[in-house]
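**Q** I have a structure here, written as C-alpha cells, and I will follow up with some questions on it.
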Protein chains: 4
Amino acid sequence: MSVDQQLSGSPDIPAAMRASVLICQGEIRIEERPVPTPEPDEVLIKVVAVGVCGSDVHYYREGRIGEFVVDRPLVLGHEVSGHIVAVGSGVPDSRLGERVAIEPQRPCRVCAQCSAGRYNLCPDMKFYATPPIDGAFCDYVTIQSAFAHRVPDSVSYEVAALLEPLSVGIWASRKAKIVPGSRILVAGAGPIGVIATQAARAFGAAEVIVTDPVPERREMARRFGATHTMDPITESVAELGVDAFIDCSGATPAVKSGISAVRGAGTVVLVGMGADEVALPISVIQTRELNVTGIFRYTDTWPTAAHLAATEQVDLASLVTGRFDLEHAEDALNADLKPDSLKAVVLL
Amino acid sequence: MSVDQQLSGSPDIPAAMRASVLICQGEIRIEERPVPTPEPDEVLIKVVAVGVCGSDVHYYREGRIGEFVVDRPLVLGHEVSGHIVAVGSGVPDSRLGERVAIEPQRPCRVCAQCSAGRYNLCPDMKFYATPPIDGAFCDYVTIQSAFAHRVPDSVSYEVAALLEPLSVGIWASRKAKIVPGSRILVAGAGPIGVIATQAARAFGAAEVIVTDPVPERREMARRFGATHTMDPITESVAELGVDAFIDCSGATPAVKSGISAVRGAGTVVLVGMGADEVALPISVIQTRELNVTGIFRYTDTWPTAAHLAATEQVDLASLVTGRFDLEHAEDALNADLKPDSLKAVVLL
Amino acid sequence: MSVDQQLSGSPDIPAAMRASVLICQGEIRIEERPVPTPEPDEVLIKVVAVGVCGSDVHYYREGRIGEFVVDRPLVLGHEVSGHIVAVGSGVPDSRLGERVAIEPQRPCRVCAQCSAGRYNLCPDMKFYATPPIDGAFCDYVTIQSAFAHRVPDSVSYEVAALLEPLSVGIWASRKAKIVPGSRILVAGAGPIGVIATQAARAFGAAEVIVTDPVPERREMARRFGATHTMDPITESVAELGVDAFIDCSGATPAVKSGISAVRGAGTVVLVGMGADEVALPISVIQTRELNVTGIFRYTDTWPTAAHLAATEQVDLASLVTGRFDLEHAEDALNADLKPDSLKAVVLL
Amino acid sequence: MSVDQQLSGSPDIPAAMRASVLICQGEIRIEERPVPTPEPDEVLIKVVAVGVCGSDVHYYREGRIGEFVVDRPLVLGHEVSGHIVAVGSGVPDSRLGERVAIEPQRPCRVCAQCSAGRYNLCPDMKFYATPPIDGAFCDYVTIQSAFAHRVPDSVSYEVAALLEPLSVGIWASRKAKIVPGSRILVAGAGPIGVIATQAARAFGAAEVIVTDPVPERREMARRFGATHTMDPITESVAELGVDAFIDCSGATPAVKSGISAVRGAGTVVLVGMGADEVALPISVIQTRELNVTGIFRYTDTWPTAAHLAATEQVDLASLVTGRFDLEHAEDALNADLKPDSLKAVVLL
C-alpha cells in the first residue's frame with residue numbers, strides 16, 4: 001500500500017527518502033529510508049531546515065548522553081521546520097500546505113505527569129533524535145498534529161527551526177519567573193546562553209548580566225541583549241543580588257558563584273549540563289530560601305516562541321553562522337569546532 | 001525612672017532579674033540583669049518555659065554558628081512561653097495577663113523582603129539568642145506585641161514554648177507543598193525530624209517515610225506518626241517516587257539519596273544543617289525538574305501551630321524528655337548527650 | 001463477533017444488559033442494551049453501585065440542564081463503582097478483577113486545556129450522563145483505563161461510588177486553598193454542602209461555619225463536621241472574616257452575603273448552581289481583592305478521595321439514606337422529595 | 001521649634017506653605033498651611049507635579065466616594081513627584097536632593113495583611129487624599145522614606161507623578177497574569193484603560209483588544225498600543241477567547257460581555273468602579289472556572305513603573321493634555337469636561 005493511497009495529501013510524495021544516519025559513534029552516512037506514514041493524529045512534514053544542537057554533536061562524538069546510548073543507527077536533528085504534505089485520517093485536510101515548526105516530542109498524554117500538564121516529564125516520552133527515536137536529518141518526518149505549530153509567513157524556515165532552542169530559553173525564563181524589571185544573571189554565552197539572554201529581555205528583564213570567560217562570547221552576549229557582561233575569572237558576581245540566576249554553562253564554578261549572586265527568595269535555574277554531581281552551597285540556599293530547579297525540555301512554548309520571533313523581540317536569524325545541505329550534515333555537526341560558530345543549520 | 005512608673009503593667013515587676021548567660025564558649029553563669037523595658041509596640045513577658053534548641057547547644061559548645069560568633073556574653077533560648085505582665089505605650093492594657101507563645105524575631109518590616117511578606121529574610125532581623133541579640137534563659141523578655149501569640153488555656157506553657165520548633169515543621173510542610181494524600185520522605189529522626197513528621201501528617205500526608213540509621217530513633221519516628229521507617233544504611237529510597245523530601249539530618253548521603261527519591265516536579269526542602277557545601281545530583285534535579293529549597297526560620301506559623309497543638313493533631317508534650325530550672329540551664333544544654341533525650345525544657 | 005472473542009476478560013460476559021433509560025423528561029424505562037466493547041485503552045466494568053446526583057434528578061424532572069438537552073434516550077448516573085471484567089487490547093490483563101471507582105469523564109487529552117493539565121475544561125469532554133453520552137444506570141460501562149481508579153478492599157462499593165461527589169468537595173477545597181488552620185464558610189447543607197464541609201475539615205480547616213435556613217440540615221452539617229452553624233435568615237455572616245467562602249446553595253442571597261464574609265485577599269468558590277446571573281458586590285471584590293471562581297467537575301481527585309475515605313477522614317457511608325435496585329432507579333431519582341434524604345444509591 | 005532646627009535638611013524650608021483645599025463638595029480654596037514635619041522614618045518633599053485622578057474629581061464633585069466622606073477640609077492629589085528637602089532622624093542625609101516619585105500610602109506594616117506582603121489591604125492604611133488624610137495639592141508633603149522612590153534624571157517630574165496611575169496598570173497586569181504572548185481584552189479607553197493597555201503591552205501581551213463606544217477614545221487606545229479596537233455597541237467580544245479581561249470602564253454591560261470573552265481558566269480583573277453590585281454570569285464563571293478579582297491600589301510597583309517609563313516601554317508624557325498651576329487646581333479638576341482631555345497635571 002503506498003503512502004498516496006492511505007493519506008489525504010500531496011499525490012507526489014515519494015516512497016523513499018534520504019536520511020543522514022549516525023551509524024555509530026563518529027560515523028555518519030546518507031541512507032535511503034522509507035517515507036514514514038503518519039498515524040491518524042499525525043501529519044507528514046517535508047523538512048526544510050534543521051538546526052544542530054549540542055546534544056546532536058554529543059551523540060555524534062560520544063555515542064551517548066548519560067543513559068541514552070546510540071546502540072543502533074539513529075537519525076539526529078530535533079530543531080525542525082517544514083511544511084505539511086500529508087495528514088493522518090483524524091486530521092483535517094485544511095492543514096495541508098501549512099508552514100510549521102515542529103515541537104519534537106510525543107508524550108503519552110495519559111500518565112500522571114501528562115494529566116497534570118507536565119508532559120515534558122512523561123516517562124514514556126518519544127523525543128526526536130533520542131535513542132531509539134529518530135530525528136529530522138531526513139526529507140520527511142511525522143509528528144502529532146497538535147505539535148506541528150503553524151508559523152506566520154514572515155518567519156523564515158531557518159528561524160522556524162530555531163523556535164526549538166528559543167523554547168528552551170522561554171522555558172528557562174518561565175522557571176526563573178522573569179517579569180518586567182527583573183534583574184537576571186546568565187552564566188555562559190554559548191548558543192543557549194545567548195538565546196536565554198534574549199528570552200529574558202523579551203520577558204521584560206531590566207538587567208541581564210552575562211558571564212563568560214571568553215571575550216568574544218561576552219561581545220556576542222552584548223550584541224544579543226546582555227545589558228552587562230563580566231569575566232568570571234577576574235570579577236565576582238557575589239554581590240549582585242539578582243532576582244534569578246540561569247546557568248547555561250554547566251561549569252561547576254559558575255554554578256556555585258551564580259547561586260551566591262541571588263537575593264533572598266530568588267530563583268536558580270540550571271540549564272547547562274556538566275558534571276552529574278556539583279557541590280552546591282547548601283547554607284546559602286537555606287539562609288536565603290532560594291529556589292533551585294532545572295529544566296528538561298519544555299511545555300507549551302511554541303506559540304510564545306513564534307510570537308517573539310515574528311515580532312522580532314528576539315533575533316534568531318543572526319544566530320545562524322553556518323548552512324549545510326543534507327549530504328554535509330557531518331560538517332554541520334563539526335561546525336562548532338570553529339571559534340566563531342554559534343548555530344549551524346542543515347537545509348533540505 | 002522605674003519600670004512601674006512608665007508601663008501599664010503589674011505593680012510588682014522587679015527592677016532586676018536572673019539570667020543564664022553564655023559568657024564564652026562552654027561557660028554558662030547566672031547573672032543579675034535589669035528587667036527590660038518594652039518599646040511602645042512591645043510587651044513585657046514573664047517567661048515560664050524555654051525549650052533547648054540544637055542551635056543553643058551549638059553556641060554553647062562551639063561558641064559560634066557560621067558567621068554568628070559569641071564574642072560577648074549572650075543569653076540563649078528562643079523557644080519561649082510566658083504571660084504578659086506589662087505593655088508598651090501603644091499596646092492596649094487588655095493584653096495584660098495573656099498566656100502567650102513568643103515568635104522570637106523582630107524584622108524591620110520596611111525593607112523589600114518584609115514588604116513582600118518574607119519577613120524571615122529581613123537583613124535587619126533581630127532574632128533571640130543570635131549574637132548580639134539576647135534570648136530567653138531569664139525571667140523577663142520583651143517582644144513586639146504582634147509576635148506575642150495568645151495560646152488557649154488548654155495548651156500548657158511547655159507545649160506553648162514548643163510551638164517554635166513546631167513552626168519549623170509547619171514551614172517545612174508549607175515549602176514541601178504537602179496536601180492531603182501526599183507521600184513524603186523525611187531524613188533524620190531527631191527532634192526536628194520528629195516534629196516535621198508530625199506536621200506532615202497534620203498537613204494530610206498519607207505516607208511519611210522516615211529514615212534514620214539509629215533503630216531507637218526510627219522507633220521514635222513511628223511513635224510520632226511515621227507510616228514507615230527505613231534504615232538508610234541497608235535500604236535504598238531511590239525508587240520511592242515521593243512528592244517531597246524533607247531533609248532533617250544535614251547528612252550528605254541522606255541529602256543525595258533523598259533527592260533521588262523524589263518524583264518529577266517534586267520538592268526538596270533542606271532543613272538540617274550540615275556541611276556548607278554538598279555535592280548534589282544536578283542531572284536528577286534537571287531531568288525531573290525538581291524544586292530544591294531550604295528554610296530559614298518561618299513566617300506566620302504561630303496561629304497554625306497553636307491550632308494543631310490545641311486540637312492535638314500534633315503531640316508536643318511527649319517530646320519533653322527533661323525539665324530543668326534556670327540554675328541548671330547548663331544541664332539542659334547537655335541533656336542531648338543522653339541517647340534517649342529528645343527535648344529539654346527550662347522552667348522558670 | 002462476541003465480546004468474549006475480542007477482549008481479554010471474563011468468559012461469561014453476556015452480550016446484552018439491562019439499562020435504566022430516561023426516554024424523555026419524566027419517563028424512565030428499563031431497556032435491554034448491548035454490553036459495550038472497550039476501546040484499546042479502556043476497561044469494561046461490571047457496575048455495582050451508582051449514586052444519584054442532583055444533576056440526574058434535574059435531567060429526569062426538567063429534561064435539560066442549561067444547554068444540555070435530553071433530545072434522545074439517555075442513561076443517567078455518573079457516581080459509579082464496580083469491578084473490571086474485561087480490558088481493551090492496550091490494557092494489561094493484571095487489571096482484571098480490580099475493584100474500582102470510576103472518574104466518569106473522557107477528555108481529548110490533546111487540546112490546549114488538556115495539555116495544560118486542566119482536562120476538566122476540555123471542550124471535547126465526554127462525560128457520563130450528559131447528553132449525548134450515556135451514564136451508568138446499567139450493568140456494564142466502559143471507561144479509559146487510567147480513570148478506573150483502584151480502591152482498597154476496606155472501601156465498600158457504595159463508598160467507592162461516592163468518591164465522585166467527594167471529588168467535588170476536594171476540588172472545591174483545593175480551589176479555596178484550604179490549609180491547616182483555615183477558617184471557612186460553607187453555604188448550603190445539602191449533600192454537596194455536607195461533603196464540602198467534610199473535605200474542608202480533612203484539608204485541615206480549623207473552623208467550618210455552615211449556613212442553611214433549615215434546622216435539620218444545620219444539624220446534619222454539625223454531624224458531618226461543621227464546627228458552627230448559622231441560620232442565614234436571622235444571623236449575619238458579614239463580620240466573619242473567613243479565609244474562604246464555598247457556596248453550595250446556589251441561592252443568590254447566600255452568595256451575596258457569603259462574599260461579604262471573606263477577609264481581604266480571600267477566596268470565593270461558587271459550587272452551587274442557581275440563576276445564570278447573580279448580582280455580586282463588585283466593590284467588595286475590588287476593595288478586598290477577593291478571588292472569585294467556580295468549579296466545573298475536577299481533575300486528579302480520585303487518589304485523594306480514596307485516601308480520605310479509606311482512612312475515614314471523611315464519612316461517606318453515613319450519607320446514604322436510601323438504597324434501590326435498578327428496576328427502582330426512578331424511585332431513587334425521587335428519593336430527594338423526602339425531607340431527611342441525603343443520598344440515594346442504586347445497587348446492581 | 002522650627003522645622004530648620006529639628007531636621008537634617010535645607011536651611012530654607014519655610015514654616016508655611018500654600019495648599020489647595022477642598023472645603024466641601026464643589027468648593028476649592030487656596031489656604032496657608034504649616035509645612036509638615038517628617039516623622040523619624042519619613043522624608044519631606046518639595047512637590048513639583050501632581051496628576052489629577054478620577055477619584056480627586058469625584059471627591060470634588062460629589063463630596064464622597066462610597067463610605068469615604070469629605071466631612072472636613074481635605075487636600076486632594078495623590079499622583080505626586082518632587083524632590084527631598086529634609087529627612088527624618090532615622091533617614092540618612094544622603095537622600096537629600098533626590099528626585100522622587102511618591103507611593104502615596106502608609107500601611108501599618110504589622111497587621112496580618114501587611115505581614116503577608118499585602119500592605120495595600122492594610123485596614124489601618126493612611127492614603128493621600130482619602131478622608132481624613134490630606135493629599136499633595138500643596139507645596140510640601142511627607143512620606144515614609146521607603147515610599148519616596150528615586151527616579152532617574154531621564155524621567156521628568158510630570159512623568160514621575162504619573163508612575164502612580166501606571167502602578168494601577170502594572171498591578172492590573174500582574175493580577176491578569178499577563179506574560180509574553182498573552183491575549184488581553186480591555187474595556188474602556190479612558191486614562192486608566194489607556195495606561196492598562198500600555199502596561200499589558202509592556203508585560204508582553206501579543207494582542208490587546210480595547211473596547212470603547214467613543215470613536216475618539218478607540219483612536220486614542222490604538223495610539224497607545226491597542227492592537228485592535230472594537231465598538232461594544234455594534235460588535236460582540238463573546239468569541240474572543242482571551243487569556244484575561246481587564247475592565248477599566250465600570251460599565252455593567254462591558255463587565256458582563258467581557259467575562260464571556262475569556263477562555264477557560266482565564267482571569268477577569270475589575271479595575272473600573274461603577275455600580276456597587278453588578279449581575280455577573282455566574283454559570284460562565286463556573287463552567288470555565290474563571291478567576292475573577294478586583295484591584296485596590298497596588299504593592300511594590302514603583303520600581304517596575306520607573307523602569308518602564310525610563311526605558312520608554314510606556315509613554316506617560318503624551319497622556320498629559322493639560323497643565324495648571326496650584327492657583328488653578330480647580331480648573332485642573334474640571335479639565336475632564338473637555339472631550340479630548342486625558343490627564344491634567346498641577347505644577348508647583
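So you can find residues: chains in the C-alpha cells are A, B, ... in the order shown, residues in each start at 1, and ligands are numbered from 1 in order.
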Show me, as a list in words, the residues of chain D whose atoms get within 9 Å of chain A, using only C-alpha atoms for the distance check.

**A** Val179, Pro180, Gly181, Ser182, Ala202, Phe203, Gly204, Ala206, Pro303, Thr304, Ala305, His307, Leu308 and Thr311 of chain D

**Q** Write down as a ChimeraX atom specification the residues of stretch 142-298 of chain D whose backbone DSSP state falls under strand (DSSP E).

**A** /D:142-144,148-150,183-187,207-211,228-230,242-247,262-270,277-281,291-294

**Q** Pick out the residues sitting within 9 Å of stretch 314-325 of chain C, and hand them over as a ChimeraX atom specification; count only C-alpha atoms, and ignore anything fewer than 4 positions along from it in its own chain.

**A** /C:51,156,158-160,162-163,166,191,194-195,198-199,201-202,224,305,308-310,329,331-332,335,340-348

**Q** Could you dump the residues just selected with C-alpha atoms as a PDB file, in the first residue's frame?

**A**
```pdb
ATOM      1  CA  GLY C  51     -25.097   7.295  43.457  1.00  0.00           C
ATOM      2  CA  SER C 156     -17.153  -0.542  50.151  1.00  0.00           C
ATOM      3  CA  GLU C 158     -21.204   2.224  47.984  1.00  0.00           C
ATOM      4  CA  VAL C 159     -18.475   4.435  49.365  1.00  0.00           C
ATOM      5  CA  ALA C 160     -16.410   3.954  46.202  1.00  0.00           C
ATOM      6  CA  LEU C 162     -19.423   8.358  46.380  1.00  0.00           C
ATOM      7  CA  LEU C 163     -15.799   9.227  45.681  1.00  0.00           C
ATOM      8  CA  LEU C 166     -16.277  13.715  47.357  1.00  0.00           C
ATOM      9  CA  PRO C 191     -25.360  16.639  50.004  1.00  0.00           C
ATOM     10  CA  VAL C 194     -22.097  18.382  53.726  1.00  0.00           C
ATOM     11  CA  ILE C 195     -19.399  16.750  51.612  1.00  0.00           C
ATOM     12  CA  GLN C 198     -16.071  17.141  55.386  1.00  0.00           C
ATOM     13  CA  ALA C 199     -13.462  17.824  52.719  1.00  0.00           C
ATOM     14  CA  ARG C 201     -12.082  19.554  57.648  1.00  0.00           C
ATOM     15  CA  ALA C 202      -9.914  16.885  56.025  1.00  0.00           C
ATOM     16  CA  PHE C 224     -20.615  15.780  59.477  1.00  0.00           C
ATOM     17  CA  ALA C 305     -10.654  10.859  47.657  1.00  0.00           C
ATOM     18  CA  LEU C 308      -9.627  10.197  52.704  1.00  0.00           C
ATOM     19  CA  ALA C 309     -12.324   7.530  52.534  1.00  0.00           C
ATOM     20  CA  ALA C 310     -10.030   4.631  53.378  1.00  0.00           C
ATOM     21  CA  ALA C 329     -33.987   3.675  39.745  1.00  0.00           C
ATOM     22  CA  ASP C 331     -37.697   5.795  42.959  1.00  0.00           C
ATOM     23  CA  ALA C 332     -34.058   6.652  43.636  1.00  0.00           C
ATOM     24  CA  ALA C 335     -35.876   9.981  46.931  1.00  0.00           C
ATOM     25  CA  ASP C 340     -34.488  13.590  55.502  1.00  0.00           C
ATOM     26  CA  SER C 341     -32.991  12.208  52.316  1.00  0.00           C
ATOM     27  CA  LEU C 342     -29.341  12.954  51.651  1.00  0.00           C
ATOM     28  CA  LYS C 343     -28.016  10.475  49.105  1.00  0.00           C
ATOM     29  CA  ALA C 344     -29.767   7.644  47.250  1.00  0.00           C
ATOM     30  CA  VAL C 345     -27.756   4.781  45.747  1.00  0.00           C
ATOM     31  CA  VAL C 346     -28.724   2.295  43.062  1.00  0.00           C
ATOM     32  CA  LEU C 347     -27.232  -1.157  43.640  1.00  0.00           C
ATOM     33  CA  LEU C 348     -26.897  -3.611  40.760  1.00  0.00           C
TER      34      LEU C 348
END
```

**Q** Could you work out how far atom CA of A:Thr299 lies from atom CA of A:Ala19, giving the answer in Å with one decimal?

**A** 28.0 Å

**Q** Show which residues sit within 7 Å of stretch 281-289 of chain D, as a PyMOL selection string. Count only C-alpha atoms, and ignore same-chain residues fewer than 2 positions away.

**A** (chain C and resi 121+270+276-278+293-296) or (chain D and resi 256+260+264-265+279+291)

**Q** Between atom CA of D:Asp124 and atom CA of D:His58, measure the distance and give it in Å to one decimal.

**A**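 One can read the atom CA of D:Asp124 to atom CA of D:His58 distance as 22.7 Å.
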
**Q** Please provide the set of residues having any atom within 9 Å of stretch 84-87 of chain C, restricted to only C-alpha atoms, with same-chain residues fewer than 3 positions apart removed, written as a PyMOL selection string.

**A** chain C and resi 4+7-10+13+37-47+90-93+95-100+145+148

**Q** I want to know what sits within 7 Å of A:Lys126, based on only C-alpha atoms, with residues of the same chain fewer than 6 positions away left out; could you give that as a compact mmCIF listing (two decimals) with C-alpha atoms, in the first residue's frame?

**A**
```
# COMPACT_ATOMS: atom_id res chain seq x y z
CA GLN A 105 8.21 15.28 21.29
CA ARG A 106 5.33 12.83 21.68
CA PRO A 107 4.19 12.33 25.30
CA ILE A 133 13.62 7.60 18.31
```

**Q** As a PyMOL selection string, please: all residues of stretch 102-237 of chain C that backbone DSSP puts in alpha helix (DSSP H).

**A** chain C and resi 112-115+157-161+163-175+191-202+215-223

**Q** Residues near D:Thr252, anyone? I mean within 9 Å using only C-alpha atoms, not counting same-chain ones fewer than 2 positions away, as a PyMOL selection string.

**A** chain D and resi 249-250+254-257+274-275+278-280

**Q** May I ask for the distance between atom CA of B:Pro339 and atom CA of B:Arg64, given in Å to one decimal place?

**A**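 Value for the atom CA of B:Pro339-atom CA of B:Arg64 distance: 24.2 Å.
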